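Here is the structure we will look at, set down as structure tokens.
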Amino acid sequence: MAKEAVAQAKEKPHAAHETPTDLNREGVAEITTALRQLLADSFALYLKTKNFHWHMTGQHFRDYHLLLDDQGDQIFAMTDDIAERARKIGGTTLRSIGDISRHQRLKDNDEESVTPKGMLAELNTDNQALTRYFRSTHEVCDKYNAVATASLIEVWIDQTERRTWFLSEIVQGL
């Protein structure tokens with residue numbers, strides 16, 4: 001019985017669902033594409049931050065472990081807002097891990113061992129890159145007068161600059 005329901009669901013064409021927005025189609029497409037990349041980068045940075053949180057060692061283990069846990073939580077919290085923003089304006093968003101890997105610009109780190117300084121420096125660099133990506137997307141939003149999306153991006157820039165600041169201060173002291 002369940003197999004029949006799945007087969008029937010696959011046979012039925014899905015009706016196009018349009019979300020009401022005053023943004024033109026070109027604007028929705030361009031903004032959604034940029035948001036999809038931001039979402040992929042945010043997931044990549046979240047996982048790298050958690051990776052380093054889990055594998056942190058050394059003299060300042062507790063402080064760095066807790067810092068990266070807090071930063072990971074903040075990054076993960078952005079992901080739902082980014083995805084929902086794309087949906088609110090009538091776009092689509094990521095659907096899988098493979099989709100993330102196709103759209104992310106930030107590089108993964110699969111190394112077996114990374115020094116604490118190396119971890120923090122890499123996260124610092126990635127957060128700086130994410131800030132640039134946010135600014136670029138903000139410019140796209142400005143082009144189409146997508147003020148609500150631009151406003152959210154301003155908050156995410158502030159959060160990302162704060163993470164960068166903390167990481168930079170630590171790395172300079174090491």
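Just so we're on the same page: first chain in the structure tokens is A, next is B, and so on; residues restart at 1 for each chain, and ligands are numbered from 1 in the order they show up.
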Do you have, as CSV, the list of residues of segment 111-149 of chain A lying at most 12 Å from segment 77-87 of chain A, each with its nearest atom pair and that distance in Å to one decimal, counting only C-alpha atoms and ordered by chain then number?
residue,atom,partner,partner_atom,distance
A:Phe134,CA,A:Ile82,CA,11.0
A:Thr137,CA,A:Ile82,CA,11.6
A:Cys141,CA,A:Ala86,CA,11.8
A:Ala146,CA,A:Arg85,CA,10.7
A:Val147,CA,A:Arg85,CA,11.6
A:Ala148,CA,A:Arg85,CA,8.8
A:Thr149,CA,A:Arg85,CA,6.8
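Using only C-alpha atoms, the residues found no farther than 12 Å from Asp70 of chain A, other than those of its own chain fewer than 3 positions away, are Tyr46, Thr49, Lys50, His53, Asp63, Tyr64, His65, Leu66, Leu67, Asp73, Gln74, Ile75, Phe76, Ala77, Gln159, Arg163 and Phe166 of chain A.
Each of A:Asp142, A:Leu174, A:Ser101, A:Ile89 was compared to Gly118 of chain A using only C-alpha atoms, and A:Leu174 turns out to be the nearest.
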Among the residues A:Asn51, A:Thr92, A:Asn109, A:Thr21, the one that comes closest to Gln37 of chain A [using only C-alpha atoms]: A:Thr92
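The list of residues with at least one atom within 10 Å of Met119 of chain A, based on only C-alpha atoms and without residues fewer than 2 positions apart in the same chain, reads Lys48, Thr49, Asn51, Phe52, His53, His55, Met56, Tyr64, Asn109, Ser113, Val114, Thr115, Pro116, Lys117, Ala121, Glu122, Leu123, Asn124, Leu167 and Val171 of chain A.
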Identify all residues of segment 27-139 of chain A in alpha helix (DSSP H) (DSSP on the backbone) and supply them as a PyMOL selection string. chain A and resi 27-55+61-88+97-103+116-139
Distance query Gly91 of chain A at most 12 Å, only C-alpha atoms, self and fewer than 3 positions along chain excluded, as a PDB file with N, CA, C and O atoms, in the first residue's frame:
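selection.pdb was written with the following content:
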ATOM      1  N   ALA A  16       3.101  24.470  -9.734  1.00  0.00           N
ATOM      2  CA  ALA A  16       4.039  25.524  -9.348  1.00  0.00           C
ATOM      3  C   ALA A  16       3.407  26.364  -8.252  1.00  0.00           C
ATOM      4  O   ALA A  16       2.253  26.768  -8.345  1.00  0.00           O
ATOM      5  N   HIS A  17       4.150  26.591  -7.217  1.00  0.00           N
ATOM      6  CA  HIS A  17       3.677  27.399  -6.098  1.00  0.00           C
ATOM      7  C   HIS A  17       4.397  28.737  -6.155  1.00  0.00           C
ATOM      8  O   HIS A  17       5.616  28.784  -6.155  1.00  0.00           O
ATOM      9  N   GLU A  18       3.641  29.777  -6.202  1.00  0.00           N
ATOM     10  CA  GLU A  18       4.256  31.103  -6.258  1.00  0.00           C
ATOM     11  C   GLU A  18       4.023  31.836  -4.954  1.00  0.00           C
ATOM     12  O   GLU A  18       2.896  31.920  -4.470  1.00  0.00           O
ATOM     13  N   THR A  19       5.074  32.346  -4.387  1.00  0.00           N
ATOM     14  CA  THR A  19       5.001  33.148  -3.172  1.00  0.00           C
ATOM     15  C   THR A  19       4.844  34.600  -3.591  1.00  0.00           C
ATOM     16  O   THR A  19       5.632  35.100  -4.396  1.00  0.00           O
ATOM     17  N   PRO A  20       3.846  35.280  -3.058  1.00  0.00           N
ATOM     18  CA  PRO A  20       3.659  36.680  -3.444  1.00  0.00           C
ATOM     19  C   PRO A  20       4.833  37.556  -2.998  1.00  0.00           C
ATOM     20  O   PRO A  20       5.270  37.478  -1.855  1.00  0.00           O
ATOM     21  N   THR A  21       5.329  38.340  -3.914  1.00  0.00           N
ATOM     22  CA  THR A  21       6.400  39.294  -3.611  1.00  0.00           C
ATOM     23  C   THR A  21       6.329  40.430  -4.616  1.00  0.00           C
ATOM     24  O   THR A  21       5.864  40.233  -5.741  1.00  0.00           O
ATOM     25  N   LEU A  23       9.054  41.855  -5.578  1.00  0.00           N
ATOM     26  CA  LEU A  23      10.323  41.803  -6.293  1.00  0.00           C
ATOM     27  C   LEU A  23      10.094  41.168  -7.662  1.00  0.00           C
ATOM     28  O   LEU A  23       9.306  40.228  -7.791  1.00  0.00           O
ATOM     29  N   ASN A  24      10.792  41.658  -8.675  1.00  0.00           N
ATOM     30  CA  ASN A  24      10.627  41.054  -9.994  1.00  0.00           C
ATOM     31  C   ASN A  24      11.328  39.700 -10.042  1.00  0.00           C
ATOM     32  O   ASN A  24      12.145  39.361  -9.185  1.00  0.00           O
ATOM     33  N   ARG A  25      11.011  38.895 -11.059  1.00  0.00           N
ATOM     34  CA  ARG A  25      11.557  37.536 -11.164  1.00  0.00           C
ATOM     35  C   ARG A  25      13.077  37.535 -11.218  1.00  0.00           C
ATOM     36  O   ARG A  25      13.733  36.673 -10.645  1.00  0.00           O
ATOM     37  N   GLU A  26      13.639  38.489 -11.948  1.00  0.00           N
ATOM     38  CA  GLU A  26      15.098  38.579 -12.045  1.00  0.00           C
ATOM     39  C   GLU A  26      15.706  38.825 -10.670  1.00  0.00           C
ATOM     40  O   GLU A  26      16.712  38.216 -10.300  1.00  0.00           O
ATOM     41  N   GLY A  27      15.093  39.721  -9.904  1.00  0.00           N
ATOM     42  CA  GLY A  27      15.580  40.003  -8.557  1.00  0.00           C
ATOM     43  C   GLY A  27      15.492  38.795  -7.647  1.00  0.00           C
ATOM     44  O   GLY A  27      16.430  38.481  -6.919  1.00  0.00           O
ATOM     45  N   VAL A  28      14.348  38.101  -7.698  1.00  0.00           N
ATOM     46  CA  VAL A  28      14.176  36.894  -6.882  1.00  0.00           C
ATOM     47  C   VAL A  28      15.248  35.869  -7.247  1.00  0.00           C
ATOM     48  O   VAL A  28      15.883  35.287  -6.369  1.00  0.00           O
ATOM     49  N   ALA A  29      15.463  35.664  -8.535  1.00  0.00           N
ATOM     50  CA  ALA A  29      16.449  34.675  -8.984  1.00  0.00           C
ATOM     51  C   ALA A  29      17.859  35.045  -8.523  1.00  0.00           C
ATOM     52  O   ALA A  29      18.597  34.191  -8.013  1.00  0.00           O
ATOM     53  N   GLU A  30      18.240  36.307  -8.697  1.00  0.00           N
ATOM     54  CA  GLU A  30      19.602  36.715  -8.341  1.00  0.00           C
ATOM     55  C   GLU A  30      19.816  36.694  -6.830  1.00  0.00           C
ATOM     56  O   GLU A  30      20.854  36.217  -6.345  1.00  0.00           O
ATOM     57  N   ILE A  31      18.841  37.161  -6.083  1.00  0.00           N
ATOM     58  CA  ILE A  31      18.960  37.182  -4.622  1.00  0.00           C
ATOM     59  C   ILE A  31      18.964  35.758  -4.081  1.00  0.00           C
ATOM     60  O   ILE A  31      19.771  35.400  -3.213  1.00  0.00           O
ATOM     61  N   THR A  32      18.081  34.911  -4.620  1.00  0.00           N
ATOM     62  CA  THR A  32      18.011  33.527  -4.161  1.00  0.00           C
ATOM     63  C   THR A  32      19.312  32.780  -4.441  1.00  0.00           C
ATOM     64  O   THR A  32      19.787  32.005  -3.599  1.00  0.00           O
ATOM     65  N   THR A  33      19.899  33.010  -5.589  1.00  0.00           N
ATOM     66  CA  THR A  33      21.181  32.382  -5.911  1.00  0.00           C
ATOM     67  C   THR A  33      22.245  32.796  -4.896  1.00  0.00           C
ATOM     68  O   THR A  33      22.997  31.959  -4.387  1.00  0.00           O
ATOM     69  N   ALA A  34      22.296  34.081  -4.583  1.00  0.00           N
ATOM     70  CA  ALA A  34      23.273  34.579  -3.609  1.00  0.00           C
ATOM     71  C   ALA A  34      22.992  34.008  -2.217  1.00  0.00           C
ATOM     72  O   ALA A  34      23.923  33.621  -1.496  1.00  0.00           O
ATOM     73  N   LEU A  35      21.719  33.938  -1.827  1.00  0.00           N
ATOM     74  CA  LEU A  35      21.375  33.382  -0.522  1.00  0.00           C
ATOM     75  C   LEU A  35      21.714  31.893  -0.443  1.00  0.00           C
ATOM     76  O   LEU A  35      22.158  31.406   0.599  1.00  0.00           O
ATOM     77  N   ARG A  36      21.525  31.182  -1.534  1.00  0.00           N
ATOM     78  CA  ARG A  36      21.860  29.753  -1.566  1.00  0.00           C
ATOM     79  C   ARG A  36      23.358  29.567  -1.301  1.00  0.00           C
ATOM     80  O   ARG A  36      23.758  28.683  -0.547  1.00  0.00           O
ATOM     81  N   ILE A  82      18.494  32.357   6.783  1.00  0.00           N
ATOM     82  CA  ILE A  82      18.922  32.525   5.388  1.00  0.00           C
ATOM     83  C   ILE A  82      17.993  31.731   4.467  1.00  0.00           C
ATOM     84  O   ILE A  82      17.495  32.249   3.457  1.00  0.00           O
ATOM     85  N   ALA A  83      17.747  30.484   4.819  1.00  0.00           N
ATOM     86  CA  ALA A  83      16.880  29.637   3.989  1.00  0.00           C
ATOM     87  C   ALA A  83      15.455  30.191   3.925  1.00  0.00           C
ATOM     88  O   ALA A  83      14.849  30.263   2.845  1.00  0.00           O
ATOM     89  N   GLU A  84      14.926  30.589   5.070  1.00  0.00           N
ATOM     90  CA  GLU A  84      13.558  31.120   5.082  1.00  0.00           C
ATOM     91  C   GLU A  84      13.454  32.434   4.332  1.00  0.00           C
ATOM     92  O   GLU A  84      12.424  32.734   3.730  1.00  0.00           O
ATOM     93  N   ARG A  85      14.515  33.213   4.325  1.00  0.00           N
ATOM     94  CA  ARG A  85      14.500  34.471   3.564  1.00  0.00           C
ATOM     95  C   ARG A  85      14.331  34.167   2.076  1.00  0.00           C
ATOM     96  O   ARG A  85      13.555  34.840   1.386  1.00  0.00           O
ATOM     97  N   ALA A  86      15.056  33.175   1.581  1.00  0.00           N
ATOM     98  CA  ALA A  86      14.927  32.792   0.173  1.00  0.00           C
ATOM     99  C   ALA A  86      13.501  32.340  -0.131  1.00  0.00           C
ATOM    100  O   ALA A  86      12.926  32.716  -1.169  1.00  0.00           O
ATOM    101  N   ARG A  87      12.913  31.573   0.750  1.00  0.00           N
ATOM    102  CA  ARG A  87      11.549  31.087   0.539  1.00  0.00           C
ATOM    103  C   ARG A  87      10.526  32.222   0.616  1.00  0.00           C
ATOM    104  O   ARG A  87       9.570  32.241  -0.143  1.00  0.00           O
ATOM    105  N   LYS A  88      10.741  33.168   1.511  1.00  0.00           N
ATOM    106  CA  LYS A  88       9.793  34.281   1.670  1.00  0.00           C
ATOM    107  C   LYS A  88       9.675  35.128   0.415  1.00  0.00           C
ATOM    108  O   LYS A  88       8.630  35.729   0.177  1.00  0.00           O
ATOM    109  N   LEU A  94      18.680  25.193  -0.460  1.00  0.00           N
ATOM    110  CA  LEU A  94      19.422  23.934  -0.488  1.00  0.00           C
ATOM    111  C   LEU A  94      18.537  22.757  -0.108  1.00  0.00           C
ATOM    112  O   LEU A  94      17.591  22.912   0.666  1.00  0.00           O
TER     113      LEU A  94
END
